[in-house]
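Raw query_27.csv, CSV, C-alpha atoms:
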```csv
chain,number,residue,atom,x,y,z
A,10,MET,CA,122.2,123.0,54.0
A,11,THR,CA,122.4,126.6,52.8
A,12,ALA,CA,121.5,127.8,49.3
A,13,LEU,CA,125.2,128.5,48.6
A,14,THR,CA,126.1,124.9,49.5
A,15,LEU,CA,123.4,123.6,47.2
A,16,LEU,CA,124.5,125.8,44.4
A,17,LEU,CA,128.1,124.6,44.9
A,18,LEU,CA,126.9,121.0,44.8
A,19,VAL,CA,125.1,121.5,41.5
A,20,GLY,CA,128.1,123.5,40.1
A,21,ALA,CA,130.5,120.7,41.1
A,22,TYR,CA,128.3,118.1,39.4
A,23,LEU,CA,128.0,120.2,36.2
A,24,LEU,CA,131.8,120.8,36.1
A,25,GLY,CA,132.4,117.1,36.6
A,26,SER,CA,130.0,116.3,33.7
A,27,LEU,CA,132.4,117.9,31.2
A,28,SER,CA,134.1,114.7,29.8
A,29,SER,CA,137.7,115.7,29.3
A,30,ALA,CA,138.5,112.4,27.6
A,31,VAL,CA,135.7,112.8,25.0
A,32,LEU,CA,136.5,116.4,24.3
A,33,VAL,CA,140.3,115.8,24.0
A,34,CYS,CA,139.8,112.8,21.7
A,35,ARG,CA,137.6,114.9,19.5
A,36,ALA,CA,140.2,117.7,19.4
A,37,PHE,CA,142.9,115.2,18.4
A,38,GLY,CA,140.8,113.2,16.0
A,39,LEU,CA,140.9,110.1,18.1
A,40,PRO,CA,138.2,107.5,18.5
A,41,ASP,CA,135.5,108.0,21.1
A,42,PRO,CA,137.0,106.5,24.3
A,43,ARG,CA,133.5,105.4,25.4
A,44,ARG,CA,133.3,103.0,22.4
A,45,HIS,CA,136.9,102.0,21.9
A,46,GLY,CA,139.7,100.5,24.0
A,47,SER,CA,138.4,99.8,27.4
A,48,ASN,CA,135.3,101.9,26.7
A,49,ASN,CA,136.3,104.0,29.8
A,50,PRO,CA,136.6,107.8,29.2
A,51,GLY,CA,139.7,108.3,31.3
A,52,ALA,CA,143.4,109.1,30.9
A,53,THR,CA,144.6,105.5,30.8
A,54,ASN,CA,142.3,104.6,27.9
A,55,VAL,CA,143.2,107.8,26.1
A,56,PHE,CA,146.8,106.9,26.5
A,57,ARG,CA,146.2,103.6,24.8
A,58,LEU,CA,144.2,105.3,22.0
A,59,GLY,CA,146.3,108.3,21.3
A,60,GLY,CA,149.5,108.4,23.4
A,61,ARG,CA,151.0,110.6,26.0
A,62,LEU,CA,150.0,114.2,25.1
A,63,PRO,CA,146.2,113.6,24.9
A,64,ALA,CA,146.4,111.4,28.0
A,65,VAL,CA,148.2,114.1,30.0
A,66,LEU,CA,145.7,116.7,28.9
A,67,VAL,CA,142.8,114.5,30.0
A,68,LEU,CA,144.5,113.8,33.4
A,69,ILE,CA,145.1,117.5,34.1
A,70,CYS,CA,141.5,118.4,33.2
A,71,ASP,CA,140.0,115.6,35.2
A,72,ILE,CA,142.1,116.6,38.3
A,73,LEU,CA,141.0,120.2,37.9
A,74,LYS,CA,137.3,119.1,37.9
A,75,GLY,CA,137.8,118.0,41.4
A,76,THR,CA,140.2,120.7,42.7
A,77,ILE,CA,138.3,123.8,41.4
A,78,PRO,CA,134.9,123.2,43.2
A,79,VAL,CA,136.4,121.9,46.4
A,80,TRP,CA,139.1,124.6,46.7
A,81,GLY,CA,136.6,127.3,45.8
A,82,SER,CA,134.2,126.0,48.4
A,83,TYR,CA,136.9,125.8,51.0
A,84,PHE,CA,137.7,129.5,50.6
A,85,LEU,CA,133.9,130.3,50.8
A,86,GLY,CA,134.0,128.8,54.3
A,87,ILE,CA,132.1,125.5,53.6
A,88,GLU,CA,132.3,123.0,56.4
A,89,PRO,CA,134.4,119.8,55.9
A,90,LEU,CA,131.4,117.4,55.6
A,91,PHE,CA,129.8,119.5,52.8
A,92,LEU,CA,133.2,119.8,51.2
A,93,GLY,CA,133.1,116.0,51.0
A,94,LEU,CA,129.7,116.1,49.4
A,95,ILE,CA,130.9,118.7,46.9
A,96,ALA,CA,133.8,116.4,46.0
A,97,VAL,CA,131.5,113.5,45.6
A,98,ALA,CA,129.2,115.6,43.4
A,99,ALA,CA,132.1,116.4,41.1
A,100,CYS,CA,133.0,112.7,40.9
A,101,LEU,CA,129.4,111.7,40.2
A,102,GLY,CA,129.4,114.2,37.4
A,103,HIS,CA,132.5,112.5,36.0
A,104,ILE,CA,130.9,109.0,36.4
A,105,PHE,CA,127.4,110.1,35.2
A,106,PRO,CA,128.0,113.1,33.0
A,107,LEU,CA,124.9,115.1,32.2
A,108,PHE,CA,126.3,116.3,28.9
A,109,PHE,CA,127.6,113.0,27.6
A,110,GLY,CA,124.7,110.5,28.0
A,111,PHE,CA,125.6,109.7,31.6
A,112,ARG,CA,128.4,107.4,30.4
A,113,GLY,CA,131.5,108.4,32.3
A,114,GLY,CA,134.7,107.1,33.8
A,115,LYS,CA,136.0,105.9,37.2
A,116,ALA,CA,136.7,109.4,38.6
A,117,VAL,CA,140.0,108.5,40.1
A,118,ALA,CA,141.8,111.6,38.8
A,119,THR,CA,138.8,113.8,39.8
A,120,ALA,CA,138.8,112.3,43.3
A,121,PHE,CA,142.5,113.0,43.5
A,122,GLY,CA,142.0,116.6,42.5
A,123,ALA,CA,139.3,116.9,45.1
A,124,MET,CA,141.8,115.8,47.8
A,125,LEU,CA,144.6,118.2,46.6
A,126,PRO,CA,143.3,121.1,48.7
A,127,ILE,CA,144.0,119.1,51.9
A,128,GLY,CA,147.7,119.5,51.1
A,129,LEU,CA,150.7,118.5,49.0
A,130,SER,CA,151.8,116.0,51.6
A,131,LEU,CA,148.6,114.0,51.0
A,132,ALA,CA,149.0,114.3,47.2
A,133,GLY,CA,152.6,113.1,47.5
A,134,LEU,CA,151.6,110.0,49.5
A,135,LEU,CA,148.8,109.1,47.1
A,136,ILE,CA,151.0,109.5,44.0
A,137,SER,CA,153.9,107.5,45.7
A,138,CYS,CA,151.5,104.8,46.6
A,139,TRP,CA,150.1,104.6,43.1
A,140,ILE,CA,153.5,104.6,41.5
A,141,VAL,CA,154.8,101.8,43.8
A,142,VAL,CA,151.8,99.6,43.1
A,143,VAL,CA,152.0,100.2,39.3
A,144,PHE,CA,155.7,99.5,39.3
A,145,VAL,CA,155.3,96.3,41.2
A,146,SER,CA,152.1,94.9,39.7
A,147,GLY,CA,151.6,96.8,36.4
A,148,TYR,CA,147.9,97.2,37.2
A,149,SER,CA,146.6,100.8,37.1
A,150,SER,CA,143.2,99.8,38.6
A,151,LEU,CA,144.9,98.0,41.5
A,152,ALA,CA,147.1,101.0,42.2
A,153,ALA,CA,144.0,103.3,42.2
A,154,ILE,CA,142.1,101.0,44.6
A,155,ILE,CA,145.0,100.7,47.0
A,156,ALA,CA,145.8,104.5,46.9
A,157,VAL,CA,142.2,105.6,47.6
A,158,GLY,CA,141.9,102.8,50.2
A,159,PHE,CA,144.8,104.3,52.1
A,160,ALA,CA,143.7,107.9,51.5
A,161,PRO,CA,141.5,108.2,54.7
A,162,LEU,CA,144.4,106.9,56.8
A,163,PHE,CA,146.8,109.4,55.2
A,164,THR,CA,144.3,112.1,55.8
A,165,PHE,CA,143.7,111.2,59.4
A,166,TRP,CA,147.5,111.5,59.9
A,167,ILE,CA,147.7,114.9,58.1
A,168,LYS,CA,144.4,116.7,58.7
A,169,PRO,CA,142.0,114.6,60.8
A,170,ALA,CA,139.0,116.9,60.2
A,171,TYR,CA,138.8,115.8,56.6
A,172,THR,CA,139.0,112.1,57.2
A,173,LEU,CA,135.2,111.5,56.8
A,174,PRO,CA,135.0,113.5,53.5
A,175,VAL,CA,138.0,111.6,52.1
A,176,ALA,CA,136.5,108.3,53.2
A,177,MET,CA,133.3,109.2,51.3
A,178,LEU,CA,135.4,109.6,48.2
A,179,SER,CA,137.3,106.4,48.8
A,180,VAL,CA,134.1,104.3,49.1
A,181,LEU,CA,132.7,105.8,45.9
A,182,ILE,CA,135.9,105.1,43.9
A,183,ILE,CA,136.4,101.6,45.2
A,184,ALA,CA,132.7,100.8,44.5
A,185,ARG,CA,133.2,102.1,40.9
A,186,HIS,CA,136.1,99.6,40.5
A,187,ARG,CA,134.0,96.6,41.5
A,188,ALA,CA,134.4,95.0,38.0
A,189,ASN,CA,138.1,95.6,38.1
A,190,ILE,CA,138.3,93.9,41.5
A,191,VAL,CA,136.5,90.8,40.1
A,192,ARG,CA,138.9,90.7,37.1
A,193,LEU,CA,141.9,91.1,39.3
A,194,TRP,CA,140.7,88.3,41.5
A,195,ARG,CA,140.3,86.1,38.4
A,196,GLY,CA,143.7,87.2,36.9
A,197,GLU,CA,141.9,88.7,33.9
A,198,GLU,CA,142.8,92.4,34.3
A,199,GLY,CA,145.0,94.0,31.7
A,200,ARG,CA,148.2,95.7,32.8
A,201,ILE,CA,148.8,99.4,32.0
A,202,TRP,CA,151.3,98.8,29.2
A,203,ASP,CA,149.3,96.0,27.5
A,204,LYS,CA,147.8,97.9,24.5
A,205,GLY,CA,146.3,94.7,23.3
A,206,ARG,CA,144.2,94.4,26.4
A,207,THR,CA,141.0,96.5,26.9
A,208,ASN,CA,140.4,96.0,30.6
A,209,GLU,CA,140.7,99.1,32.8
```
Encoded form (structure tokens):
Amino acid sequence: MTALTLLLLVGAYLLGSLSSAVLVCRAFGLPDPRRHGSNNPGATNVFRLGGRLPAVLVLICDILKGTIPVWGSYFLGIEPLFLGLIAVAACLGHIFPLFFGFRGGKAVATAFGAMLPIGLSLAGLLISCWIVVVFVSGYSSLAAIIAVGFAPLFTFWIKPAYTLPVAMLSVLIIARHRANIVRLWRGEEGRIWDKGRTNE
């Protein structure tokens, strides 16, 4: 591992550590998403707490936290395996943010952003998969789990060289949703439009 790669890994983690949900909620005078709603600092919880505009801002910022370090590293000639590690570092920053007491979110949007440089075709497949599952089931968490679960297969079809890096992200995101998986199995998970439910 070169010094440049190590620097990019650290930079990705630090960028990921900027909690978009907390910052946007502060700007809009909303409750701290780590202590209200589902206690998850992500776009879905911010939507429940403050509506569409704050949630969209959080979603965009969280996506960029994954896209910027991976895309930048790609143009610097970093190999696919290390691009995957950089993507994981950005997601770990989101999950365990240095600047916000290591209390972060699920990193779904950040992982999606990290996959964007692979191509718009992959992005389209992931978004379509997420929308279909949400439309059929109403569960945001289930949609995220299924979408990232299919991500390595989609990547193998589109750009096989990046299958392993994407698989690394998929494992991380699915592991982060272990509590959701248990609640889904028990029928206790809240649907995306259920403002009275706090599961996410």
For the contact check between region 96-202 of chain A and region 56-69 of chain A, emit one row per residue of region 96-202 of chain A within 10 Å, containing the shortest atom pair and the distance in Å rounded to one decimal, counting only C-alpha atoms, chain then rising number order, as a tab-separated table.
```
residue	atom	partner	partner_atom	distance
A:Val117	CA	A:Leu68	CA	9.7
A:Ala118	CA	A:Leu68	CA	6.4
A:Thr119	CA	A:Leu68	CA	8.6
A:Gly122	CA	A:Ile69	CA	9.0
A:Ile201	CA	A:Arg57	CA	8.7
A:Trp202	CA	A:Arg57	CA	8.3
```
**Q.** Pairwise distance for CA of Gly196 (chain A) and CA of Asn48 (chain A), rounded to one decimal in Å
**A.** 19.8 Å
Write out as a Markdown table a residue-level contact list of region 51-145 of chain A versus region 151-154 of chain A with cut-off 10 Å: for each qualifying residue the closest pair of atoms and the distance in Å to one decimal, counting only C-alpha atoms, rows sorted by chain and residue number upward.
```
| residue | atom | partner | partner_atom | distance |
| --- | --- | --- | --- | --- |
| A:Lys115 | CA | A:Ala153 | CA | 9.8 |
| A:Val117 | CA | A:Ala153 | CA | 6.9 |
| A:Ala118 | CA | A:Ala153 | CA | 9.2 |
| A:Phe121 | CA | A:Ala153 | CA | 9.9 |
| A:Leu135 | CA | A:Ala153 | CA | 9.0 |
| A:Ile136 | CA | A:Ala153 | CA | 9.5 |
| A:Cys138 | CA | A:Ala152 | CA | 7.3 |
| A:Trp139 | CA | A:Ala152 | CA | 4.8 |
| A:Ile140 | CA | A:Ala152 | CA | 7.4 |
| A:Val141 | CA | A:Ala152 | CA | 7.9 |
| A:Val142 | CA | A:Ala152 | CA | 5.0 |
| A:Val143 | CA | A:Ala152 | CA | 5.7 |
| A:Phe144 | CA | A:Ala152 | CA | 9.2 |
| A:Val145 | CA | A:Ala152 | CA | 9.5 |
```
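In this comparison, which uses all atoms listed in the file, the residue of A:Leu17, A:Leu23, A:Ala120, A:Cys70 approaching Leu85 (chain A) most closely is A:Leu17.
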Q: Identify which of the residues A:Leu13, A:Gly147, A:Thr164, A:Gly110 lies closest to Ile87 (chain A), counting all atoms listed in the file when measuring atom-to-atom distances.
A: A:Leu13
With only C-alpha atoms as the counted atoms, please give the residues lying no more than 7 Å from Pro42 (chain A), apart from itself and same-chain residues fewer than 4 positions off, as a PDB file with C-alpha atoms, in the coordinates of the input.
```pdb
ATOM      1  CA  ALA A  30     138.500 112.400  27.600  1.00  0.00           C
ATOM      2  CA  VAL A  31     135.700 112.800  25.000  1.00  0.00           C
ATOM      3  CA  GLY A  46     139.700 100.500  24.000  1.00  0.00           C
ATOM      4  CA  ASN A  48     135.300 101.900  26.700  1.00  0.00           C
ATOM      5  CA  ASN A  49     136.300 104.000  29.800  1.00  0.00           C
ATOM      6  CA  PRO A  50     136.600 107.800  29.200  1.00  0.00           C
ATOM      7  CA  ASN A  54     142.300 104.600  27.900  1.00  0.00           C
ATOM      8  CA  VAL A  55     143.200 107.800  26.100  1.00  0.00           C
TER       9      VAL A  55
END
```
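Relative to CA of Ser47 (chain A), CA of Gly199 (chain A) is found at 9.8 Å.
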Q) Residues at most 10 Å from region 165-168 of chain A, counting only C-alpha atoms, excluding those fewer than 4 positions away in the same chain, as a PyMOL selection string? A) chain A and resi 127-128+130-131+160-161+172-173+175-176
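As for CA of Gly93 (chain A) and CA of Leu193 (chain A), they are spaced 28.9 Å apart.
Counting all atoms listed in the file and comparing A:Leu162, A:Leu107, A:Ala132, A:Val97, the residue that lies closest to Ile182 (chain A) is A:Val97.
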Would you pick out the contacts of Thr76 (chain A) at 7 Å or less, using only C-alpha atoms, so that residues sharing its chain but fewer than 4 positions from it are not included, and give the list as a PDB file with C-alpha atoms, keeping the file's coordinate frame?
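Writing done, so here's out28.pdb:
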```pdb
ATOM      1  CA  ILE A  72     142.100 116.600  38.300  1.00  0.00           C
ATOM      2  CA  TRP A  80     139.100 124.600  46.700  1.00  0.00           C
ATOM      3  CA  GLY A 122     142.000 116.600  42.500  1.00  0.00           C
ATOM      4  CA  ALA A 123     139.300 116.900  45.100  1.00  0.00           C
ATOM      5  CA  LEU A 125     144.600 118.200  46.600  1.00  0.00           C
ATOM      6  CA  PRO A 126     143.300 121.100  48.700  1.00  0.00           C
TER       7      PRO A 126
END
```
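Using all atoms listed in the file for every distance, the candidate list A:Ala52, A:Val33, A:Ala21, A:Leu134 yields A:Ala21 as the residue closest to Ser82 (chain A).
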Any chance you could model N, CA and C atoms for region 66-88 of chain A and send them as a PDB file, in the coordinates of the input?
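Printed below is part.pdb as written:
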```
ATOM      1  N   LEU A  66     146.695 115.687  28.960  1.00  0.00           N
ATOM      2  CA  LEU A  66     145.700 116.700  28.900  1.00  0.00           C
ATOM      3  C   LEU A  66     144.405 116.279  29.655  1.00  0.00           C
ATOM      4  N   VAL A  67     144.002 115.048  29.385  1.00  0.00           N
ATOM      5  CA  VAL A  67     142.800 114.500  30.000  1.00  0.00           C
ATOM      6  C   VAL A  67     143.050 114.406  31.548  1.00  0.00           C
ATOM      7  N   LEU A  68     144.218 113.931  31.937  1.00  0.00           N
ATOM      8  CA  LEU A  68     144.500 113.800  33.400  1.00  0.00           C
ATOM      9  C   LEU A  68     144.474 115.136  34.076  1.00  0.00           C
ATOM     10  N   ILE A  69     145.079 116.157  33.486  1.00  0.00           N
ATOM     11  CA  ILE A  69     145.100 117.500  34.100  1.00  0.00           C
ATOM     12  C   ILE A  69     143.665 118.032  34.238  1.00  0.00           C
ATOM     13  N   CYS A  70     142.885 117.925  33.160  1.00  0.00           N
ATOM     14  CA  CYS A  70     141.500 118.400  33.200  1.00  0.00           C
ATOM     15  C   CYS A  70     140.653 117.695  34.201  1.00  0.00           C
ATOM     16  N   ASP A  71     140.822 116.374  34.272  1.00  0.00           N
ATOM     17  CA  ASP A  71     140.000 115.600  35.200  1.00  0.00           C
ATOM     18  C   ASP A  71     140.406 115.940  36.669  1.00  0.00           C
ATOM     19  N   ILE A  72     141.686 116.192  36.928  1.00  0.00           N
ATOM     20  CA  ILE A  72     142.100 116.600  38.300  1.00  0.00           C
ATOM     21  C   ILE A  72     141.488 117.955  38.629  1.00  0.00           C
ATOM     22  N   LEU A  73     141.524 118.882  37.684  1.00  0.00           N
ATOM     23  CA  LEU A  73     141.000 120.200  37.900  1.00  0.00           C
ATOM     24  C   LEU A  73     139.481 120.192  38.209  1.00  0.00           C
ATOM     25  N   LYS A  74     138.779 119.231  37.627  1.00  0.00           N
ATOM     26  CA  LYS A  74     137.300 119.100  37.900  1.00  0.00           C
ATOM     27  C   LYS A  74     137.038 118.832  39.332  1.00  0.00           C
ATOM     28  N   GLY A  75     137.980 118.209  40.020  1.00  0.00           N
ATOM     29  CA  GLY A  75     137.800 118.000  41.400  1.00  0.00           C
ATOM     30  C   GLY A  75     138.366 119.104  42.295  1.00  0.00           C
ATOM     31  N   THR A  76     139.504 119.650  41.854  1.00  0.00           N
ATOM     32  CA  THR A  76     140.200 120.700  42.700  1.00  0.00           C
ATOM     33  C   THR A  76     139.408 121.994  42.688  1.00  0.00           C
ATOM     34  N   ILE A  77     138.943 122.457  41.528  1.00  0.00           N
ATOM     35  CA  ILE A  77     138.300 123.800  41.400  1.00  0.00           C
ATOM     36  C   ILE A  77     137.088 123.919  42.349  1.00  0.00           C
ATOM     37  N   PRO A  78     136.098 123.020  42.289  1.00  0.00           N
ATOM     38  CA  PRO A  78     134.900 123.200  43.200  1.00  0.00           C
ATOM     39  C   PRO A  78     135.246 123.052  44.649  1.00  0.00           C
ATOM     40  N   VAL A  79     136.144 122.120  44.996  1.00  0.00           N
ATOM     41  CA  VAL A  79     136.400 121.900  46.400  1.00  0.00           C
ATOM     42  C   VAL A  79     137.273 123.053  46.976  1.00  0.00           C
ATOM     43  N   TRP A  80     138.292 123.472  46.238  1.00  0.00           N
ATOM     44  CA  TRP A  80     139.100 124.600  46.700  1.00  0.00           C
ATOM     45  C   TRP A  80     138.297 125.865  46.788  1.00  0.00           C
ATOM     46  N   GLY A  81     137.482 126.116  45.773  1.00  0.00           N
ATOM     47  CA  GLY A  81     136.600 127.300  45.800  1.00  0.00           C
ATOM     48  C   GLY A  81     135.678 127.274  46.976  1.00  0.00           C
ATOM     49  N   SER A  82     135.101 126.124  47.257  1.00  0.00           N
ATOM     50  CA  SER A  82     134.200 126.000  48.400  1.00  0.00           C
ATOM     51  C   SER A  82     134.874 126.169  49.715  1.00  0.00           C
ATOM     52  N   TYR A  83     136.117 125.677  49.786  1.00  0.00           N
ATOM     53  CA  TYR A  83     136.900 125.800  51.000  1.00  0.00           C
ATOM     54  C   TYR A  83     137.104 127.311  51.332  1.00  0.00           C
ATOM     55  N   PHE A  84     137.436 128.097  50.330  1.00  0.00           N
ATOM     56  CA  PHE A  84     137.700 129.500  50.600  1.00  0.00           C
ATOM     57  C   PHE A  84     136.368 130.287  50.830  1.00  0.00           C
ATOM     58  N   LEU A  85     135.236 129.682  50.510  1.00  0.00           N
ATOM     59  CA  LEU A  85     133.900 130.300  50.800  1.00  0.00           C
ATOM     60  C   LEU A  85     133.463 129.881  52.218  1.00  0.00           C
ATOM     61  N   GLY A  86     134.276 129.099  52.916  1.00  0.00           N
ATOM     62  CA  GLY A  86     134.000 128.800  54.300  1.00  0.00           C
ATOM     63  C   GLY A  86     133.038 127.568  54.481  1.00  0.00           C
ATOM     64  N   ILE A  87     132.932 126.712  53.484  1.00  0.00           N
ATOM     65  CA  ILE A  87     132.100 125.500  53.600  1.00  0.00           C
ATOM     66  C   ILE A  87     132.683 124.523  54.562  1.00  0.00           C
ATOM     67  N   GLU A  88     131.848 123.901  55.369  1.00  0.00           N
ATOM     68  CA  GLU A  88     132.300 123.000  56.400  1.00  0.00           C
ATOM     69  C   GLU A  88     132.865 121.674  55.731  1.00  0.00           C
TER      70      GLU A  88
END
```
